[in-house]
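Engineer: Sharing a structure, written as structure tokens. Questions coming.
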Amino acid sequence: MRRALASAAAGLVLVAGAGAGAAACSSSSSSTSSSSSSPSPSPSGVPKETNPPGDIPDTQVYVPWSPSGGGYTVKVPEGWSRTTQGSATVFADKYNSVRVEQVAATSVPTVQSVRTTDIPAIQAKSKGFSLVNVSVVQRMGGSAVLAEYHADSPPDQVTGKSVTLDVQRYVFYKLGKGEVVLTLSGASNADNVDPWRTVTDSFRWS
């Protein structure tokens, strides 16, 4: 097998964000807002957040990061929390996250290999999974196989609500170094096109 199935399945970043607090209502508006403010249930049975935070500000600063063993560099948002999930490093803020993992591989990933190996493994571990597209894209540091899909976030620990995430999973490959899987996720209503491009264009082998 091209690489460990568990590593492929780990492409989905499960990062729960902080739920937004409910605003105080005046007595004149309380009677009209009760029916519209209730979150609608998702197919997975978890209530969905209606207006989750998500947009990364235009003023966000990005800083280069490399693993302790080197091999590659990628810019990540400054000030985001950093955690380790197995062999992956995750940078997160609210519902947004950047997940970076190096995976052993001896063959070049293709659209077909991602569709037949990676996607089924991701789908098996993801609630609300919906595949959008798999394609080859060009970034400043080289080509990558990009899988785009939707999935539910874990329920918020405070509100119990979930959001639909837009996920972009990039697989970069270099002979002798294997793969680096760079997974970006954020709430579906967020406008993070430019920030995600900044991150993915910054990737470089070293």
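Letters for chains follow the order of the structure tokens (A, B, ...), residue numbers begin at 1 for each chain, and ligand numbers begin at 1 in the order shown.
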Find the residues around stretch 188-197 of chain A up to 7 Å (only C-alpha atoms counted), leave out those fewer than 2 positions away in its own chain, and share them as a list in words.

Structural biologist: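 Skipping anything fewer than 2 positions along the chain leaves Gly54, Asp55, Ile56, Thr164, Leu165, Asp166, Gly186, Val199, Thr200 and Asp201 of chain A.
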
Engineer: Next, write the just-selected residues to a file, as an mmCIF file, in the first residue's frame, keeping N, CA and C atoms as the atom set.

Structural biologist:
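Written output follows (again14.cif):
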```
data_model
loop_
_atom_site.group_PDB
_atom_site.id
_atom_site.type_symbol
_atom_site.label_atom_id
_atom_site.label_comp_id
_atom_site.auth_asym_id
_atom_site.auth_seq_id
_atom_site.Cartn_x
_atom_site.Cartn_y
_atom_site.Cartn_z
ATOM 1 N N GLY A 54 -15.349 32.660 11.718
ATOM 2 C CA GLY A 54 -14.511 31.901 10.806
ATOM 3 C C GLY A 54 -13.557 32.710 9.954
ATOM 4 N N ASP A 55 -13.940 33.912 9.539
ATOM 5 C CA ASP A 55 -13.073 34.676 8.651
ATOM 6 C C ASP A 55 -11.739 34.998 9.317
ATOM 7 N N ILE A 56 -10.650 34.693 8.610
ATOM 8 C CA ILE A 56 -9.325 35.071 9.087
ATOM 9 C C ILE A 56 -9.091 36.520 8.694
ATOM 10 N N THR A 164 -20.552 23.001 9.592
ATOM 11 C CA THR A 164 -20.031 22.337 8.408
ATOM 12 C C THR A 164 -18.702 22.984 8.047
ATOM 13 N N LEU A 165 -17.688 22.158 7.870
ATOM 14 C CA LEU A 165 -16.361 22.642 7.527
ATOM 15 C C LEU A 165 -16.084 22.463 6.044
ATOM 16 N N ASP A 166 -15.429 23.464 5.454
ATOM 17 C CA ASP A 166 -14.815 23.316 4.140
ATOM 18 C C ASP A 166 -13.387 22.849 4.375
ATOM 19 N N GLY A 186 -12.051 25.202 7.679
ATOM 20 C CA GLY A 186 -12.711 26.356 8.268
ATOM 21 C C GLY A 186 -14.202 26.265 8.032
ATOM 22 N N VAL A 199 -0.916 30.238 2.800
ATOM 23 C CA VAL A 199 -0.315 29.075 3.466
ATOM 24 C C VAL A 199 0.196 28.069 2.444
ATOM 25 N N THR A 200 -0.636 27.697 1.489
ATOM 26 C CA THR A 200 -0.244 26.638 0.557
ATOM 27 C C THR A 200 0.843 27.096 -0.412
ATOM 28 N N ASP A 201 0.844 28.380 -0.780
ATOM 29 C CA ASP A 201 1.901 28.886 -1.654
ATOM 30 C C ASP A 201 3.248 28.990 -0.936
#
```

Engineer: Mind checking which residues fall within 12 Å of A:Val108, counting only C-alpha atoms, ignoring those fewer than 4 positions away in the same chain, and posting them as a list of chain:residue names?

Structural biologist: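 Contacts, in chain order: A:Arg2, A:Arg3, A:Ala104, A:Gln112, A:Ser113, A:Val114, A:Val136, A:Ser143, A:Ala144, A:Val145, A:Val171, A:Phe172, A:Tyr173, A:Lys174, A:Leu175, A:Gly176, A:Lys177, A:Gly178, A:Glu179, A:Val180.
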
Engineer: Export, as an mmCIF file, in the first residue's frame, the selected residues with N, CA and C atoms.

Structural biologist:
```
data_model
loop_
_atom_site.group_PDB
_atom_site.id
_atom_site.type_symbol
_atom_site.label_atom_id
_atom_site.label_comp_id
_atom_site.auth_asym_id
_atom_site.auth_seq_id
_atom_site.Cartn_x
_atom_site.Cartn_y
_atom_site.Cartn_z
ATOM 1 N N ARG A 2 0.497 2.298 -0.732
ATOM 2 C CA ARG A 2 1.331 3.467 -0.937
ATOM 3 C C ARG A 2 1.725 4.112 0.355
ATOM 4 N N ARG A 3 0.862 4.100 1.299
ATOM 5 C CA ARG A 3 1.192 4.644 2.615
ATOM 6 C C ARG A 3 0.160 4.166 3.609
ATOM 7 N N ALA A 104 5.361 8.666 5.073
ATOM 8 C CA ALA A 104 6.249 7.847 4.252
ATOM 9 C C ALA A 104 5.519 7.398 2.992
ATOM 10 N N GLN A 112 -6.190 9.509 -8.895
ATOM 11 C CA GLN A 112 -6.790 8.190 -8.724
ATOM 12 C C GLN A 112 -6.410 7.563 -7.388
ATOM 13 N N SER A 113 -5.152 7.679 -6.989
ATOM 14 C CA SER A 113 -4.732 7.064 -5.724
ATOM 15 C C SER A 113 -5.391 7.745 -4.532
ATOM 16 N N VAL A 114 -5.558 9.059 -4.600
ATOM 17 C CA VAL A 114 -6.235 9.766 -3.512
ATOM 18 C C VAL A 114 -7.705 9.372 -3.461
ATOM 19 N N VAL A 136 -5.264 17.958 -9.516
ATOM 20 C CA VAL A 136 -3.861 18.346 -9.375
ATOM 21 C C VAL A 136 -3.775 19.856 -9.510
ATOM 22 N N SER A 143 3.770 21.061 -7.448
ATOM 23 C CA SER A 143 2.412 20.557 -7.657
ATOM 24 C C SER A 143 1.963 19.724 -6.462
ATOM 25 N N ALA A 144 0.649 19.593 -6.313
ATOM 26 C CA ALA A 144 0.064 18.807 -5.225
ATOM 27 C C ALA A 144 -1.270 18.238 -5.690
ATOM 28 N N VAL A 145 -1.676 17.146 -5.077
ATOM 29 C CA VAL A 145 -3.015 16.605 -5.306
ATOM 30 C C VAL A 145 -3.924 17.199 -4.240
ATOM 31 N N VAL A 171 -1.601 17.176 -0.953
ATOM 32 C CA VAL A 171 -0.549 16.176 -0.795
ATOM 33 C C VAL A 171 0.626 16.565 -1.696
ATOM 34 N N PHE A 172 1.727 16.995 -1.067
ATOM 35 C CA PHE A 172 2.963 17.303 -1.775
ATOM 36 C C PHE A 172 3.879 16.085 -1.690
ATOM 37 N N TYR A 173 4.649 15.837 -2.751
ATOM 38 C CA TYR A 173 5.518 14.653 -2.766
ATOM 39 C C TYR A 173 6.898 15.014 -3.301
ATOM 40 N N LYS A 174 7.920 14.381 -2.696
ATOM 41 C CA LYS A 174 9.285 14.497 -3.214
ATOM 42 C C LYS A 174 10.000 13.172 -3.019
ATOM 43 N N LEU A 175 10.660 12.716 -4.059
ATOM 44 C CA LEU A 175 11.384 11.454 -3.999
ATOM 45 C C LEU A 175 12.419 11.490 -2.882
ATOM 46 N N GLY A 176 12.416 10.469 -2.055
ATOM 47 C CA GLY A 176 13.349 10.384 -0.943
ATOM 48 C C GLY A 176 12.846 11.028 0.336
ATOM 49 N N LYS A 177 11.790 11.852 0.238
ATOM 50 C CA LYS A 177 11.224 12.503 1.425
ATOM 51 C C LYS A 177 9.780 12.103 1.674
ATOM 52 N N GLY A 178 9.157 11.469 0.694
ATOM 53 C CA GLY A 178 7.777 11.037 0.867
ATOM 54 C C GLY A 178 6.785 12.164 0.651
ATOM 55 N N GLU A 179 5.716 12.141 1.420
ATOM 56 C CA GLU A 179 4.634 13.109 1.276
ATOM 57 C C GLU A 179 4.566 14.048 2.476
ATOM 58 N N VAL A 180 4.121 15.256 2.214
ATOM 59 C CA VAL A 180 3.670 16.158 3.272
ATOM 60 C C VAL A 180 2.210 16.455 2.976
#
```

Engineer: Apply DSSP to the backbone of this structure and, from stretch 74-165 of chain A, keep only the residues in alpha helix (DSSP H); write these as a list in words.

Structural biologist: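 Answer for stretch 74-165 of chain A, restricted to alpha helix (DSSP H): Val111, Gln112, Ser113, Ile119, Pro120, Ala121, Ile122, Gln123 and Ala124 of chain A.
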
Engineer: Leaving out A:Val100 and any residue of its chain fewer than 5 positions from it, which residues lie within 12 Å of it when counting only C-alpha atoms, given as a PyMOL selection string?

Structural biologist: chain A and resi 7+10-13+65-67+72-76+82-92+169-172+179-185+199-200+203

Engineer: Export N, CA and C atoms of the chosen residues as a compact mmCIF listing (two decimals), in the first residue's frame?

Structural biologist:
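selection_39.txt was written with the following content:
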```txt
# COMPACT_ATOMS: atom_id res chain seq x y z
N SER A 7 -2.78 7.26 8.29
CA SER A 7 -2.27 8.60 8.01
C SER A 7 -3.13 9.31 7.00
N ALA A 10 -6.22 10.66 8.56
CA ALA A 10 -6.00 11.78 9.47
C ALA A 10 -6.03 13.12 8.77
N GLY A 11 -6.32 13.13 7.46
CA GLY A 11 -6.37 14.39 6.73
C GLY A 11 -7.42 15.33 7.23
N LEU A 12 -8.48 14.79 7.82
CA LEU A 12 -9.53 15.66 8.36
C LEU A 12 -9.11 16.15 9.72
N VAL A 13 -9.11 17.44 9.89
CA VAL A 13 -8.75 18.05 11.17
C VAL A 13 -9.99 18.23 12.00
N TRP A 65 7.28 27.86 9.63
CA TRP A 65 7.41 26.76 10.61
C TRP A 65 7.97 25.54 9.91
N SER A 66 8.85 24.84 10.62
CA SER A 66 9.42 23.58 10.14
C SER A 66 9.39 22.57 11.28
N PRO A 67 9.25 21.29 10.97
CA PRO A 67 9.31 20.28 12.03
C PRO A 67 10.73 20.18 12.58
N TYR A 72 11.12 20.45 5.31
CA TYR A 72 10.22 21.36 4.61
C TYR A 72 9.86 22.53 5.52
N THR A 73 9.30 23.56 4.91
CA THR A 73 8.88 24.76 5.64
C THR A 73 7.53 25.20 5.10
N VAL A 74 6.67 25.69 5.99
CA VAL A 74 5.38 26.23 5.59
C VAL A 74 5.03 27.38 6.53
N LYS A 75 4.40 28.41 5.99
CA LYS A 75 3.99 29.53 6.83
C LYS A 75 2.64 29.23 7.47
N VAL A 76 2.52 29.54 8.76
CA VAL A 76 1.28 29.32 9.50
C VAL A 76 0.87 30.62 10.19
N ARG A 82 -1.11 25.64 19.11
CA ARG A 82 -0.38 24.55 18.45
C ARG A 82 -0.50 23.28 19.28
N THR A 83 -0.91 22.20 18.65
CA THR A 83 -1.04 20.91 19.32
C THR A 83 -0.44 19.83 18.43
N THR A 84 -0.20 18.68 19.04
CA THR A 84 0.30 17.52 18.31
C THR A 84 -0.76 16.43 18.31
N GLN A 85 -1.06 15.90 17.13
CA GLN A 85 -2.01 14.79 16.98
C GLN A 85 -1.27 13.65 16.30
N GLY A 86 -0.71 12.74 17.10
CA GLY A 86 0.10 11.67 16.53
C GLY A 86 1.35 12.26 15.89
N SER A 87 1.55 11.99 14.61
CA SER A 87 2.71 12.53 13.89
C SER A 87 2.42 13.87 13.24
N ALA A 88 1.22 14.39 13.43
CA ALA A 88 0.83 15.66 12.81
C ALA A 88 0.91 16.81 13.81
N THR A 89 1.15 18.00 13.27
CA THR A 89 1.12 19.23 14.05
C THR A 89 -0.05 20.07 13.57
N VAL A 90 -0.86 20.57 14.52
CA VAL A 90 -2.07 21.31 14.17
C VAL A 90 -2.01 22.71 14.78
N PHE A 91 -2.28 23.70 13.94
CA PHE A 91 -2.40 25.08 14.37
C PHE A 91 -3.88 25.46 14.21
N ALA A 92 -4.50 26.00 15.27
CA ALA A 92 -5.94 26.20 15.22
C ALA A 92 -6.37 27.49 15.91
N ARG A 169 -7.34 19.52 1.33
CA ARG A 169 -6.25 18.62 1.72
C ARG A 169 -5.26 18.49 0.57
N TYR A 170 -4.06 19.02 0.78
CA TYR A 170 -3.01 19.02 -0.24
C TYR A 170 -1.98 17.94 0.07
N VAL A 171 -1.60 17.18 -0.95
CA VAL A 171 -0.55 16.18 -0.80
C VAL A 171 0.63 16.56 -1.70
N PHE A 172 1.73 17.00 -1.07
CA PHE A 172 2.96 17.30 -1.78
C PHE A 172 3.88 16.08 -1.69
N GLU A 179 5.72 12.14 1.42
CA GLU A 179 4.63 13.11 1.28
C GLU A 179 4.57 14.05 2.48
N VAL A 180 4.12 15.26 2.21
CA VAL A 180 3.67 16.16 3.27
C VAL A 180 2.21 16.46 2.98
N VAL A 181 1.35 16.12 3.94
CA VAL A 181 -0.09 16.35 3.79
C VAL A 181 -0.43 17.63 4.56
N LEU A 182 -0.91 18.61 3.83
CA LEU A 182 -1.25 19.92 4.40
C LEU A 182 -2.76 20.09 4.29
N THR A 183 -3.44 20.08 5.44
CA THR A 183 -4.90 20.12 5.47
C THR A 183 -5.39 21.40 6.12
N LEU A 184 -6.22 22.14 5.40
CA LEU A 184 -6.78 23.40 5.87
C LEU A 184 -8.28 23.24 6.02
N SER A 185 -8.83 23.72 7.11
CA SER A 185 -10.27 23.62 7.31
C SER A 185 -10.80 24.87 7.99
N VAL A 199 -0.92 30.24 2.80
CA VAL A 199 -0.31 29.08 3.47
C VAL A 199 0.20 28.07 2.44
N THR A 200 -0.64 27.70 1.49
CA THR A 200 -0.24 26.64 0.56
C THR A 200 0.84 27.10 -0.41
N PHE A 203 4.58 26.69 1.01
CA PHE A 203 5.23 25.40 1.24
C PHE A 203 6.47 25.25 0.37
```

Engineer: For each of A:Ala105, A:Ser97, A:Gln138, A:Ile122, take the minimum atom-to-atom distance to A:Ala151, counting only C-alpha atoms, then give the residue where this is smallest.

Structural biologist: A:Ile122

Engineer: With only C-alpha atoms as the basis for distance, which of A:Gln168, A:Ser153, A:Lys161, A:Ser81 is at the shortest distance from A:Tyr95?

Structural biologist: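 Among A:Gln168, A:Ser153, A:Lys161, A:Ser81, it is A:Ser153 that comes nearest to A:Tyr95.
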